[in-house]
Each structure stands twice: as C-alpha cells, then as structure tokens.
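Here is work39.tsv, consisting of TSV, C-alpha atoms:
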```
chain	number	residue	atom	x	y	z
C	1	MET	CA	133.53	-25.47	9.05
C	2	ASP	CA	131.05	-23.84	5.95
C	3	GLN	CA	130.35	-21.82	5.91
C	4	THR	CA	132.37	-22.85	4.54
C	5	LEU	CA	132.39	-23.70	7.77
C	6	SER	CA	132.93	-20.11	7.48
C	7	GLY	CA	132.13	-19.24	3.92
C	8	GLU	CA	129.91	-16.32	2.95
C	9	GLN	CA	127.70	-15.35	0.04
C	10	SER	CA	127.72	-11.60	-0.13
C	11	GLU	CA	129.22	-8.49	-1.69
C	12	THR	CA	129.99	-9.96	-5.08
C	13	THR	CA	128.24	-10.86	-8.30
C	14	VAL	CA	127.29	-14.34	-9.33
C	15	PRO	CA	127.55	-15.23	-13.00
C	16	LEU	CA	124.52	-15.97	-15.06
C	17	ARG	CA	125.39	-19.10	-17.02
C	18	ILE	CA	123.39	-19.82	-20.14
C	19	PRO	CA	123.97	-23.31	-21.55
C	20	SER	CA	124.57	-23.36	-25.28
C	21	TRP	CA	121.30	-25.17	-25.94
C	22	LYS	CA	119.39	-22.30	-24.29
C	23	GLN	CA	121.20	-19.39	-25.88
C	24	ARG	CA	118.88	-19.15	-28.86
C	25	ALA	CA	115.82	-18.32	-26.80
C	26	ALA	CA	116.58	-17.19	-23.31
C	27	PRO	CA	113.54	-16.42	-21.11
C	28	GLU	CA	112.45	-12.85	-20.58
C	29	GLY	CA	114.36	-11.13	-17.82
C	30	ARG	CA	117.58	-13.10	-18.42
C	31	ILE	CA	120.54	-12.32	-20.64
C	32	SER	CA	119.62	-13.45	-24.11
C	33	ALA	CA	121.69	-15.14	-26.76
C	34	ALA	CA	124.89	-13.49	-27.90
C	35	ILE	CA	124.08	-9.89	-28.78
C	36	PRO	CA	126.20	-8.15	-31.38
C	37	GLY	CA	128.37	-5.54	-29.78
C	38	PRO	CA	131.90	-4.38	-29.28
C	39	ARG	CA	134.49	-7.09	-28.86
C	40	THR	CA	135.60	-7.38	-25.23
C	41	GLN	CA	138.64	-8.82	-23.59
C	42	ASP	CA	138.52	-12.52	-22.71
C	43	PRO	CA	136.83	-12.52	-19.27
C	44	ARG	CA	138.95	-15.46	-18.17
C	45	THR	CA	142.06	-13.34	-18.18
C	46	GLN	CA	140.68	-9.87	-17.49
C	47	ASP	CA	141.22	-8.33	-14.07
C	48	PRO	CA	137.75	-8.62	-12.45
C	49	ARG	CA	138.16	-5.22	-10.83
C	50	THR	CA	137.94	-3.62	-14.28
C	51	PRO	CA	134.31	-2.99	-15.34
C	52	THR	CA	133.26	-4.94	-18.41
C	53	THR	CA	130.27	-5.49	-20.62
C	54	ALA	CA	128.57	-8.80	-19.83
C	55	THR	CA	129.45	-11.46	-22.37
C	56	THR	CA	127.63	-14.56	-23.42
C	57	GLY	CA	130.07	-16.51	-25.54
C	58	ALA	CA	130.95	-20.07	-24.67
C	59	GLY	CA	132.83	-20.12	-21.42
C	60	GLY	CA	132.41	-16.38	-20.96
C	61	ASP	CA	131.87	-14.65	-17.66
C	62	ARG	CA	128.22	-13.65	-17.53
C	63	THR	CA	127.59	-11.44	-14.50
C	64	ARG	CA	124.45	-9.99	-13.03
C	65	LYS	CA	123.24	-8.65	-9.73
C	66	ARG	CA	123.99	-11.18	-7.01
C	67	SER	CA	121.61	-14.09	-6.58
C	68	ARG	CA	122.21	-16.07	-3.42
C	69	LEU	CA	122.88	-19.78	-3.80
C	70	TYR	CA	120.41	-21.02	-1.23
C	71	VAL	CA	121.26	-24.69	-1.76
C	72	ILE	CA	124.80	-24.02	-0.55
C	73	ASP	CA	123.36	-22.77	2.76
C	74	GLY	CA	121.31	-25.92	3.04
C	75	LEU	CA	124.30	-28.15	2.34
C	76	ARG	CA	126.32	-26.39	5.01
C	77	LEU	CA	123.64	-27.13	7.59
C	78	VAL	CA	123.41	-30.76	6.46
C	79	ALA	CA	127.19	-31.12	6.81
C	80	ALA	CA	127.11	-29.62	10.31
C	81	LEU	CA	124.29	-31.95	11.39
C	82	MET	CA	126.22	-34.92	9.99
C	83	VAL	CA	129.24	-34.01	12.10
C	84	ALA	CA	127.12	-33.52	15.23
C	85	LEU	CA	125.35	-36.85	14.81
C	86	HIS	CA	128.71	-38.51	14.30
C	87	HIS	CA	130.10	-37.03	17.51
C	88	TYR	CA	127.04	-37.96	19.53
C	89	ALA	CA	126.33	-41.42	18.14
C	90	GLY	CA	128.90	-42.56	15.59
C	91	THR	CA	132.47	-42.41	16.89
C	92	ALA	CA	134.63	-45.32	18.02
C	93	ARG	CA	134.78	-43.73	21.47
C	94	VAL	CA	131.02	-43.74	22.07
C	95	ASP	CA	130.81	-47.34	20.85
C	96	GLN	CA	133.21	-48.63	23.51
C	97	PRO	CA	131.60	-50.62	26.35
C	98	GLY	CA	131.44	-48.52	29.49
C	99	ASN	CA	132.50	-45.31	27.72
C	100	VAL	CA	132.27	-42.15	29.79
C	101	ILE	CA	129.76	-40.50	27.46
C	102	TRP	CA	126.91	-43.01	27.14
C	103	GLY	CA	128.01	-45.59	29.70
C	104	ARG	CA	127.61	-48.41	27.15
C	105	SER	CA	128.10	-49.05	23.44
C	106	VAL	CA	126.01	-46.66	21.40
C	107	SER	CA	125.48	-49.40	18.80
C	108	ASP	CA	123.51	-51.25	21.47
C	109	ILE	CA	121.38	-48.18	22.18
C	110	PHE	CA	120.36	-47.38	18.58
C	111	PRO	CA	122.16	-49.65	16.08
C	112	ASN	CA	120.54	-48.20	12.97
C	113	VAL	CA	121.44	-44.64	13.92
C	114	PHE	CA	124.98	-45.73	14.71
C	115	GLN	CA	125.48	-47.26	11.26
C	116	ALA	CA	124.49	-44.00	9.59
C	117	ALA	CA	126.32	-41.77	12.07
C	118	THR	CA	129.64	-43.56	11.49
C	119	TYR	CA	129.89	-41.67	8.18
C	120	GLY	CA	129.04	-38.28	9.65
C	121	TRP	CA	132.71	-37.23	9.77
C	122	LEU	CA	132.45	-36.70	6.01
C	123	GLY	CA	130.63	-33.49	6.83
C	124	VAL	CA	134.03	-31.89	7.45
C	125	GLU	CA	135.23	-32.82	3.96
C	126	PHE	CA	131.97	-31.42	2.59
C	127	PHE	CA	132.70	-28.19	4.46
C	128	PHE	CA	136.11	-27.90	2.82
C	129	VAL	CA	134.68	-28.30	-0.69
C	130	ILE	CA	131.96	-25.73	0.04
C	131	SER	CA	134.59	-23.40	1.48
C	132	GLY	CA	136.66	-23.56	-1.71
C	133	PHE	CA	133.56	-22.72	-3.75
C	134	VAL	CA	132.25	-19.91	-1.55
C	135	ILE	CA	135.59	-18.27	-0.73
C	136	CYS	CA	136.43	-18.04	-4.42
C	137	MET	CA	132.99	-16.61	-5.14
C	138	SER	CA	133.04	-14.03	-2.35
C	139	SER	CA	136.61	-12.96	-3.14
C	140	TRP	CA	136.09	-12.29	-6.84
C	141	GLY	CA	136.85	-8.68	-7.66
C	142	ARG	CA	137.79	-7.77	-4.09
C	143	ARG	CA	140.95	-6.25	-2.69
C	144	PRO	CA	143.23	-8.22	-0.36
C	145	ARG	CA	142.23	-5.94	2.52
C	146	ASP	CA	138.56	-6.73	1.87
C	147	PHE	CA	139.36	-10.43	1.84
C	148	PHE	CA	141.26	-10.17	5.12
C	149	VAL	CA	138.56	-8.14	6.86
C	150	SER	CA	135.79	-10.46	5.65
C	151	ARG	CA	137.60	-13.49	7.03
C	152	VAL	CA	138.29	-11.89	10.40
C	153	ILE	CA	134.74	-10.68	10.98
C	154	ARG	CA	133.31	-14.00	9.81
C	155	LEU	CA	135.55	-16.31	11.84
C	156	TYR	CA	136.45	-14.66	15.11
C	157	PRO	CA	133.33	-13.31	16.89
C	158	ALA	CA	131.53	-16.66	17.15
C	159	TYR	CA	134.84	-18.43	17.74
C	160	TRP	CA	135.73	-16.20	20.70
C	161	PHE	CA	132.33	-16.91	22.22
C	162	GLY	CA	132.82	-20.63	21.62
C	163	VAL	CA	136.17	-20.63	23.41
C	164	LEU	CA	134.70	-18.82	26.43
C	165	PHE	CA	131.49	-20.85	26.55
C	166	THR	CA	133.18	-24.23	26.17
C	167	THR	CA	135.86	-23.38	28.72
C	168	LEU	CA	133.21	-22.32	31.22
C	169	VAL	CA	131.18	-25.52	30.76
C	170	LEU	CA	134.23	-27.80	30.98
C	171	THR	CA	135.46	-25.98	34.07
C	172	LEU	CA	132.14	-26.50	35.84
C	173	LEU	CA	131.54	-30.02	34.46
C	174	PRO	CA	134.88	-31.70	33.74
C	175	ALA	CA	133.60	-35.30	33.59
C	176	VAL	CA	134.31	-35.96	29.90
C	177	PHE	CA	136.95	-33.36	29.00
C	178	ARG	CA	139.33	-31.55	31.29
C	179	PRO	CA	139.55	-27.78	30.76
C	180	LEU	CA	142.82	-26.44	29.45
C	181	LYS	CA	145.28	-24.40	31.43
C	182	PRO	CA	144.64	-20.62	31.36
C	183	THR	CA	147.69	-20.02	29.18
C	184	GLN	CA	146.40	-22.58	26.66
C	185	VAL	CA	142.93	-21.05	26.65
C	186	ILE	CA	144.40	-17.60	26.00
C	187	LEU	CA	146.41	-19.01	23.09
C	188	ASN	CA	143.22	-20.50	21.65
C	189	PHE	CA	141.78	-17.01	21.19
C	190	SER	CA	144.30	-16.51	18.37
C	191	MET	CA	142.99	-19.55	16.45
C	192	LEU	CA	146.67	-20.29	15.74
C	193	GLN	CA	147.26	-22.73	18.59
C	194	ALA	CA	147.71	-25.71	16.27
C	195	GLY	CA	150.70	-24.02	14.67
C	196	LEU	CA	152.43	-24.05	18.05
C	197	GLY	CA	151.39	-27.59	18.89
C	198	ALA	CA	149.04	-26.43	21.64
C	199	PRO	CA	145.75	-28.29	22.34
C	200	HIS	CA	142.35	-27.00	21.29
C	201	VAL	CA	139.68	-25.93	23.77
C	202	ASP	CA	137.30	-28.04	21.66
C	203	GLY	CA	138.55	-30.82	19.39
C	204	VAL	CA	136.54	-29.59	16.40
C	205	TYR	CA	138.73	-26.51	16.12
C	206	TRP	CA	141.30	-28.49	14.11
C	207	THR	CA	139.32	-27.78	10.95
C	208	LEU	CA	139.76	-24.03	11.44
C	209	TRP	CA	143.52	-24.49	11.17
C	210	SER	CA	142.99	-26.06	7.75
C	211	GLU	CA	140.72	-23.19	6.74
C	212	LEU	CA	143.24	-20.56	7.86
C	213	ARG	CA	146.01	-22.11	5.81
C	214	PHE	CA	143.76	-22.17	2.75
C	215	TYR	CA	142.97	-18.48	3.24
C	216	LEU	CA	146.64	-17.64	3.62
C	217	ILE	CA	147.78	-19.15	0.34
C	218	PHE	CA	144.64	-18.13	-1.57
C	219	LEU	CA	145.24	-14.54	-0.47
C	220	ILE	CA	148.25	-14.55	-2.80
C	221	VAL	CA	145.96	-15.06	-5.79
C	222	VAL	CA	143.39	-12.57	-4.49
C	223	ALA	CA	146.15	-9.94	-4.27
C	224	THR	CA	146.85	-10.32	-7.99
C	225	GLY	CA	143.18	-10.15	-9.02
C	226	LEU	CA	141.23	-13.37	-9.54
C	227	THR	CA	140.80	-14.64	-13.08
C	228	TYR	CA	139.93	-18.03	-14.55
C	229	ARG	CA	143.53	-18.61	-15.58
C	230	LYS	CA	145.04	-17.59	-12.24
C	231	VAL	CA	142.70	-19.79	-10.21
C	232	VAL	CA	143.33	-22.78	-12.48
C	233	VAL	CA	147.10	-22.29	-12.21
C	234	PHE	CA	146.74	-21.96	-8.44
C	235	CYS	CA	144.84	-25.27	-8.29
C	236	CYS	CA	147.51	-27.01	-10.34
C	237	VAL	CA	150.43	-25.61	-8.37
C	238	TRP	CA	148.79	-26.26	-5.01
C	239	GLY	CA	147.81	-29.77	-6.06
C	240	ALA	CA	151.34	-30.57	-7.22
C	241	ALA	CA	152.80	-29.21	-3.99
C	242	ALA	CA	150.30	-31.22	-1.94
C	243	ALA	CA	151.20	-34.40	-3.83
C	244	PHE	CA	154.91	-34.09	-3.04
C	245	ALA	CA	154.86	-32.29	0.32
C	246	ALA	CA	154.44	-35.40	2.46
C	247	LYS	CA	157.65	-36.96	1.07
C	248	SER	CA	159.63	-33.71	1.03
C	249	GLY	CA	160.77	-33.93	4.62
C	250	ILE	CA	160.17	-30.18	4.96
C	251	PRO	CA	157.80	-29.54	7.90
C	252	LEU	CA	157.11	-25.92	6.89
C	253	LEU	CA	156.06	-27.00	3.40
C	254	VAL	CA	153.70	-29.63	4.82
C	255	THR	CA	152.19	-27.08	7.20
C	256	VAL	CA	151.57	-24.45	4.53
C	257	VAL	CA	150.48	-26.74	1.71
C	258	ASN	CA	148.19	-28.79	3.97
C	259	PRO	CA	148.19	-31.98	1.84
C	260	ASP	CA	145.53	-33.68	3.99
C	261	SER	CA	142.83	-31.17	2.99
C	262	ALA	CA	144.15	-29.44	-0.15
C	263	TRP	CA	142.24	-31.53	-2.69
C	264	PHE	CA	138.89	-30.82	-1.09
C	265	PHE	CA	139.44	-27.07	-1.36
C	266	ILE	CA	140.71	-27.51	-4.94
C	267	ALA	CA	137.49	-29.34	-5.81
C	268	GLY	CA	135.48	-26.37	-4.53
C	269	LEU	CA	137.56	-23.89	-6.52
C	270	SER	CA	137.12	-25.83	-9.76
C	271	LEU	CA	133.37	-26.11	-9.15
C	272	TYR	CA	133.09	-22.35	-8.72
C	273	LEU	CA	134.93	-21.77	-11.98
C	274	MET	CA	132.37	-24.05	-13.64
C	275	HIS	CA	129.65	-21.98	-12.04
C	276	ARG	CA	131.11	-18.68	-13.18
C	277	PHE	CA	132.49	-19.53	-16.61
C	278	GLY	CA	130.74	-22.74	-17.60
C	279	GLN	CA	132.13	-26.25	-17.80
C	280	ASP	CA	135.11	-27.21	-19.94
C	281	LEU	CA	137.47	-30.15	-20.22
C	282	LEU	CA	140.19	-28.56	-18.11
C	283	LEU	CA	137.89	-27.94	-15.16
C	284	TRP	CA	136.50	-31.47	-15.38
C	285	CYS	CA	140.08	-32.77	-15.29
C	286	VAL	CA	140.90	-30.69	-12.20
C	287	LEU	CA	137.74	-31.88	-10.47
C	288	GLY	CA	138.36	-35.49	-11.50
C	289	LEU	CA	141.95	-35.38	-10.26
C	290	SER	CA	140.79	-33.90	-6.97
C	291	LEU	CA	138.42	-36.85	-6.55
C	292	VAL	CA	141.17	-39.35	-7.34
C	293	MET	CA	143.62	-37.76	-4.94
C	294	SER	CA	141.14	-37.07	-2.15
C	295	GLN	CA	140.14	-40.73	-1.91
C	296	HIS	CA	143.54	-41.29	-0.29
C	297	ASP	CA	142.73	-38.61	2.28
C	298	VAL	CA	139.36	-40.29	2.82
C	299	LEU	CA	141.17	-43.58	3.46
C	300	THR	CA	143.33	-41.85	6.07
C	301	ARG	CA	140.22	-40.55	7.85
C	302	VAL	CA	138.56	-43.97	7.68
C	303	THR	CA	141.62	-45.49	9.33
C	304	THR	CA	141.61	-42.80	12.01
C	305	GLU	CA	137.88	-42.96	12.74
C	306	GLN	CA	137.80	-46.80	12.76
C	307	VAL	CA	134.03	-47.01	12.36
C	308	SER	CA	133.24	-46.67	8.64
C	309	THR	CA	134.35	-48.25	5.37
C	310	TRP	CA	136.44	-46.72	2.61
C	311	THR	CA	133.97	-47.84	-0.07
C	312	GLY	CA	130.96	-46.30	1.63
C	313	SER	CA	132.85	-43.10	2.36
C	314	VAL	CA	134.02	-42.66	-1.25
C	315	VAL	CA	130.51	-43.34	-2.55
C	316	LEU	CA	129.03	-40.71	-0.24
C	317	TYR	CA	131.72	-38.18	-1.07
C	318	THR	CA	131.25	-38.77	-4.80
C	319	ALA	CA	127.49	-38.32	-4.42
C	320	PHE	CA	128.12	-35.02	-2.64
C	321	LEU	CA	130.40	-33.85	-5.47
C	322	LEU	CA	127.64	-34.67	-7.96
C	323	VAL	CA	125.27	-32.43	-5.97
C	324	MET	CA	127.89	-29.68	-6.07
C	325	VAL	CA	128.24	-30.17	-9.83
C	326	ALA	CA	124.49	-29.70	-10.16
C	327	ILE	CA	124.78	-26.44	-8.21
C	328	ALA	CA	127.74	-25.29	-10.29
C	329	LEU	CA	125.88	-25.93	-13.55
C	330	GLY	CA	122.79	-24.06	-12.37
C	331	LEU	CA	120.51	-27.08	-12.05
C	332	THR	CA	119.40	-26.01	-8.57
C	333	ASP	CA	118.90	-22.30	-9.29
C	334	ARG	CA	115.13	-22.60	-8.93
C	335	ILE	CA	115.45	-23.47	-5.26
C	336	GLN	CA	114.98	-20.09	-3.56
C	337	TRP	CA	113.85	-21.06	-0.06
C	338	LYS	CA	114.51	-18.04	2.12
C	339	TRP	CA	114.73	-20.06	5.33
C	340	LEU	CA	117.93	-21.65	4.04
C	341	THR	CA	119.66	-18.31	4.58
C	342	VAL	CA	118.89	-18.55	8.30
C	343	ALA	CA	120.02	-22.18	8.30
C	344	GLY	CA	123.32	-21.20	6.73
C	345	SER	CA	123.93	-18.46	9.30
C	346	LEU	CA	123.55	-20.97	12.14
C	347	THR	CA	126.02	-23.49	10.76
C	348	TYR	CA	129.30	-22.00	11.98
C	349	PRO	CA	128.28	-21.23	15.59
C	350	PHE	CA	126.52	-24.60	15.76
C	351	TYR	CA	129.69	-26.36	14.71
C	352	LEU	CA	131.73	-24.48	17.32
C	353	VAL	CA	129.55	-25.30	20.34
C	354	HIS	CA	128.02	-28.70	19.65
C	355	TYR	CA	130.82	-31.14	20.48
C	356	ALA	CA	132.50	-30.82	23.89
C	357	VAL	CA	129.43	-29.27	25.51
C	358	GLY	CA	127.11	-31.75	23.80
C	359	VAL	CA	128.88	-34.94	24.85
C	360	THR	CA	129.23	-33.52	28.36
C	361	ALA	CA	125.46	-33.09	28.45
C	362	ILE	CA	125.01	-36.68	27.26
C	363	HIS	CA	127.20	-37.90	30.11
C	364	TYR	CA	124.99	-36.26	32.71
C	365	LEU	CA	121.61	-36.91	31.07
C	366	HIS	CA	121.78	-40.30	29.34
C	367	ASP	CA	120.33	-42.14	32.37
C	368	ARG	CA	117.50	-39.63	32.74
C	369	VAL	CA	116.32	-38.99	29.17
C	370	ASP	CA	115.47	-41.32	26.29
C	371	ALA	CA	118.55	-41.61	24.07
C	372	ARG	CA	116.84	-40.59	20.83
C	373	LEU	CA	115.09	-37.68	22.49
C	374	LEU	CA	118.38	-36.63	24.07
C	375	VAL	CA	120.24	-36.49	20.76
C	376	VAL	CA	117.42	-34.62	19.03
C	377	GLY	CA	117.08	-32.27	21.97
C	378	LEU	CA	120.80	-31.51	22.03
C	379	ILE	CA	120.84	-30.71	18.33
C	380	ALA	CA	117.77	-28.48	18.71
C	381	ALA	CA	119.27	-26.73	21.75
C	382	SER	CA	122.58	-26.20	19.93
C	383	LEU	CA	120.74	-24.69	16.96
C	384	LEU	CA	118.81	-22.36	19.26
C	385	LEU	CA	122.02	-21.31	21.00
C	386	SER	CA	123.59	-20.77	17.59
C	387	TRP	CA	120.76	-18.41	16.64
C	388	PHE	CA	121.43	-16.34	19.77
C	389	ILE	CA	125.17	-16.35	19.04
C	390	HIS	CA	124.51	-15.15	15.51
C	391	ARG	CA	122.15	-12.37	16.56
C	392	LEU	CA	123.76	-11.21	19.81
C	393	VAL	CA	127.44	-11.92	19.24
C	394	GLU	CA	128.32	-12.27	15.56
C	395	ARG	CA	126.32	-9.36	14.22
C	396	PRO	CA	127.36	-6.61	16.66
C	397	LEU	CA	130.98	-7.76	16.96
C	398	SER	CA	131.32	-8.13	13.19
C	399	ARG	CA	130.10	-4.58	12.64
C	400	TRP	CA	132.53	-3.27	15.26
C	401	LEU	CA	135.47	-5.22	13.83
C	402	LYS	CA	134.66	-4.22	10.27
C	403	LYS	CA	134.54	-0.56	11.17
C	404	GLY	CA	137.74	-0.75	13.21
C	405	LEU	CA	139.73	-2.74	10.65
C	406	GLY	CA	138.44	-0.51	7.86
C	407	GLY	CA	139.77	2.51	9.70
C	408	VAL	CA	143.15	0.85	10.20
C	409	PHE	CA	143.53	0.06	6.51
C	410	SER	CA	142.39	3.55	5.56
C	411	ARG	CA	145.11	5.07	7.72
C	412	LEU	CA	147.73	2.75	6.30
C	413	SER	CA	146.69	3.65	2.75
C	414	ALA	CA	146.59	7.37	3.46
C	415	ASP	CA	150.06	7.52	4.98
C	416	PRO	CA	152.58	5.30	3.12
C	417	GLY	CA	155.33	6.41	5.46
C	418	ARG	CA	153.76	4.88	8.57
```
For the structure just supplied, provide its representation as structure tokens.
Amino acid sequence: MDQTLSGEQSETTVPLRIPSWKQRAAPEGRISAAIPGPRTQDPRTQDPRTPTTATTGAGGDRTRKRSRLYVIDGLRLVAALMVALHHYAGTARVDQPGNVIWGRSVSDIFPNVFQAATYGWLGVEFFFVISGFVICMSSWGRRPRDFFVSRVIRLYPAYWFGVLFTTLVLTLLPAVFRPLKPTQVILNFSMLQAGLGAPHVDGVYWTLWSELRFYLIFLIVVATGLTYRKVVVFCCVWGAAAAFAAKSGIPLLVTVVNPDSAWFFIAGLSLYLMHRFGQDLLLWCVLGLSLVMSQHDVLTRVTTEQVSTWTGSVVLYTAFLLVMVAIALGLTDRIQWKWLTVAGSLTYPFYLVHYAVGVTAIHYLHDRVDARLLVVGLIAASLLLSWFIHRLVERPLSRWLKKGLGGVFSRLSADPGR
C-alpha cells in the first residue's frame, strides 16, 4: 500500500525534463537548451550505473540532484484515506441491516458519505500505480542488494508492529474479528502467508502479497541494470504473461505473474519512463493498453465489492491516471509543500493499522459517539498512531536492519567461497 503503499523517494536522481518548446530559453538555474559537446551514448540503453554527461536531446535522460515529488506523497495519503473511508462507511458488510460493526445499514446513517465511500477501494489500485512509478524511480542505478535491503527496511518494521498490535486488540476485543491461532500469527510475520494459503491477521495485508510479487520479478530487471529499453521490454513481457496466465492452467505462473494487479504496476512503470525520458508514442501505447486491460480487473473488484458501479470506477481510475500523467510530465513540479513528506511517511503504517482495529472500535463506540465524529476521530487517531509508529518503530528498526543486512552482504561479497 504506497508508498507505494510502500514506495520511497530517496537515494536516486530524478530527471530534469525540458519540453521541446522550452529548450530554446530555459530559466536560469535549470539545464538549458542542447549544449554542444561530446556525443554520448543513448541514455535509454546505457547502464545507469555508468556515469554520464547530462543530455538534453529529445527523449534523453536529463538528470540532476534529486528533487522530491511531493505530489506523489500527497496522492499516497489520499489513497490511504479513501481505503479507510471505504472500510468504515462504504463496504457491503457495513451496509447490511443489523451488521456487527454499526448495528444498522450505514447508508441509513450517512447516505451521502456512503455513496462516495463505496468507491474508496480504488485507493488500492492507486497504490499499485504509484508503487510501479516510485519503485522504478528509487531502483534506478542501484544494485540488487540495495533494492533488496531498501524493500526489507521499508516494509517489515511497521508491518511487524501492525501484526502485534492488531493481534493484541483482536485478542482483547474479538467482537468483529476473531484472532488467529498462534501458529498463523507467527506465519504472518513473514509476510508470505498468502503463498501458503494461510489467513491474514488483518484483511488489508492481501495487497502486500501483490507488492512482494512485483518486487520479485522486477528484481530481475534491476539485477541487469535499469534502462529505458529493459523496462519497456519488461512491461511488454509481463503484460503478455498476465494476459494469458489466467487461461494457462498453471497455478505457479498465475501466482508469479499476478494478472489481477499486473497492469496497475505496468501503468506506474510507463509513467516513470515518461517522467525520466519524456513522452513518446511507445510509452503512450503501453499506458493506454494498461488502462484497457485494467478495466477488466476493475470490473472484477466491482463485482466483489458489490457496492459501486463499473462506469464510475473506470471514470475515477482514468481521472487518477490523468493526474499521474501530469506528474510524469512535470506539470506539478511547482508544488513543493514540505508537509506532504510527513503525510507520505504516515501512509504505510496508517494503512496497516486502520482496518481491523478501526471497525472494532466502531462496534464498541457507535452507540456512544456521533457517527460522523466517530469516523473522523478514528482516522485522526490512526494518523497519530502512524506518526508514533514511524518515529518510534520504523526509524530505529530500519537503521538496525540496514546496518545488519549491509554487513551480511559485505561478508558475502568479500568471501565468494562462503
């Protein structure tokens, strides 16, 4: 989830794209129009780990010192809030008469909120697109070991806390969800429980299984050195595999290829290539095909959720992609609100702790607190808890894990015979 659910924006350079109509007179302090100089290798095919002179030709890779994409952080928070509102006031379960969460249909409590919240599940699909964008960006020019370490320290500290915290709450207050057996809880610490068919401590963890599979197959490309050509080929191969996997009858292929979510990640990858190298027909075709194919996945979710319409969902998803296109083309670069960085850091822990604990709180408090105030209060409390998780759990544990894993890889590199 947004992070990526779990994406990051650090330790890499972001390209400085100069549209062709601006290249003749670039503002002071930015790379100017094409400057005569030595001919360099095509940046789309060059190994990004090899230092190069910045280029400014059409479609070239124009790099500079990293500039954080603050709008991405804001979108991640919006997506997380959409999912939370959906879980609290927009699912088919909470709209059932006499449901265990609210005690009556939520559409009777606040009908207008319910109509909007029914589409909140799209926040997960937004997360997947953002993850494709951010993971590609943060992996550019990095070694496979760096990619692995960055994913571990980003995903696991807050997740481990979420497993413990949610298990504790559900053990003490099992009115809505029953806690899992100890063996199942222990398995959840691996984040691989879905691969063994085991239940999740919290239902929202299913998205992490999709993220992990994306990381696994994208690691193959990272290991070869990311280039424009390699990422485009990866998108095409993955898309083709996703299109045929469901009918292949091969369970392992379906598990690895992840056809239900693949096209959302592919959309994010193509958008990042636009951001780094500039738009071209091929990237527009990849993005367009991802939209065409993902509408089928949206239909599947609409059928599962049973509260929203396919038309409304596709319209909202398309609108989100247009916002991402604006980000990719640099139209939002002027937005530099520092508080969005904090918002982005809260997104992942917020996503992990909001659902099971939140609906449990609603069960016990809905007769004592105004419904609107209760939902707002739960979201605010979850955000505050997320801030503490980020400061007191994620930061120290991430530093410890990074140091420990770095030492392990150093020993492996120093002694090939181990």
Measuring atom to atom with only C-alpha atoms, identify which of C:Trp140, C:Asp108, C:Phe147, C:Thr255 is nearest to C:Gly197.
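With only C-alpha atoms as the atom set, the closest residue is C:Thr255.
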Compare C:Ile220, C:Val314, C:Val257, C:Ile362 by their minimum atom-to-atom distance to C:Leu291, counting all atoms listed in the file, and give me the closest one.
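The closest residue to C:Leu291 is C:Val314.
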Fewer than 2 positions away in the same chain doesn't count, so skip those; otherwise give me all residues within 12 Å of C:Arg395, counting only C-alpha atoms, as a PyMOL selection string.
chain C and resi 153-158+345+387-393+397-402
Between atom CA of C:His354 and atom CA of C:Ile130, measure the distance and give it in Å to one decimal.
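Calculated distance between atom CA of C:His354 and atom CA of C:Ile130 is 20.2 Å.
The space separating atom CA of C:Trp263 from atom CA of C:Val152 comes to 23.9 Å.
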Fewer than 3 positions away in the same chain doesn't count, so skip those; otherwise give me all residues within 8 Å of stretch 406-416 of chain C, counting all atoms listed in the file, as a list in words.
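Contacts, with the query itself left out: Arg145, Val149, Lys402 and Lys403 of chain C.
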If you measure from atom CA of C:Gly344 to atom CA of C:Ala80, what distance in Å do you get, rounded to one decimal?
9.9 Å
Using all atoms listed in the file, which of the listed residues (C:Val201, C:Leu180, C:Ala361, C:Leu271) sits closest to C:Ala381?
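The closest residue to C:Ala381 is C:Ala361.
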Place N, CA, C and O atoms on stretch 272-283 of chain C and deliver the coordinates as a tab-separated table (two decimals), in the frame of the given file.
```
chain	number	residue	atom	x	y	z
C	272	TYR	N	133.52	-23.74	-8.56
C	272	TYR	CA	133.09	-22.35	-8.72
C	272	TYR	C	133.44	-21.81	-10.10
C	272	TYR	O	132.67	-21.04	-10.69
C	273	LEU	N	134.59	-22.20	-10.63
C	273	LEU	CA	134.93	-21.77	-11.98
C	273	LEU	C	133.92	-22.30	-12.99
C	273	LEU	O	133.56	-21.62	-13.95
C	274	MET	N	133.45	-23.53	-12.79
C	274	MET	CA	132.37	-24.05	-13.64
C	274	MET	C	131.13	-23.19	-13.51
C	274	MET	O	130.45	-22.89	-14.50
C	275	HIS	N	130.83	-22.80	-12.29
C	275	HIS	CA	129.65	-21.98	-12.04
C	275	HIS	C	129.76	-20.62	-12.71
C	275	HIS	O	128.79	-20.12	-13.29
C	276	ARG	N	130.94	-20.03	-12.67
C	276	ARG	CA	131.11	-18.68	-13.18
C	276	ARG	C	131.32	-18.64	-14.69
C	276	ARG	O	130.79	-17.77	-15.38
C	277	PHE	N	132.10	-19.58	-15.21
C	277	PHE	CA	132.49	-19.53	-16.61
C	277	PHE	C	131.89	-20.64	-17.47
C	277	PHE	O	132.05	-20.62	-18.68
C	278	GLY	N	131.24	-21.60	-16.85
C	278	GLY	CA	130.74	-22.74	-17.60
C	278	GLY	C	131.75	-23.88	-17.59
C	278	GLY	O	132.93	-23.70	-17.35
C	279	GLN	N	131.27	-25.07	-17.84
C	279	GLN	CA	132.13	-26.25	-17.80
C	279	GLN	C	133.05	-26.31	-19.01
C	279	GLN	O	132.72	-25.83	-20.09
C	280	ASP	N	134.21	-26.91	-18.83
C	280	ASP	CA	135.11	-27.21	-19.94
C	280	ASP	C	135.96	-28.41	-19.53
C	280	ASP	O	135.96	-28.84	-18.37
C	281	LEU	N	136.71	-28.94	-20.46
C	281	LEU	CA	137.47	-30.15	-20.22
C	281	LEU	C	138.51	-29.96	-19.12
C	281	LEU	O	138.72	-30.85	-18.28
C	282	LEU	N	139.17	-28.80	-19.10
C	282	LEU	CA	140.19	-28.56	-18.11
C	282	LEU	C	139.62	-28.60	-16.69
C	282	LEU	O	140.20	-29.21	-15.79
C	283	LEU	N	138.48	-27.96	-16.49
C	283	LEU	CA	137.89	-27.94	-15.16
C	283	LEU	C	137.41	-29.33	-14.74
C	283	LEU	O	137.53	-29.71	-13.57
```
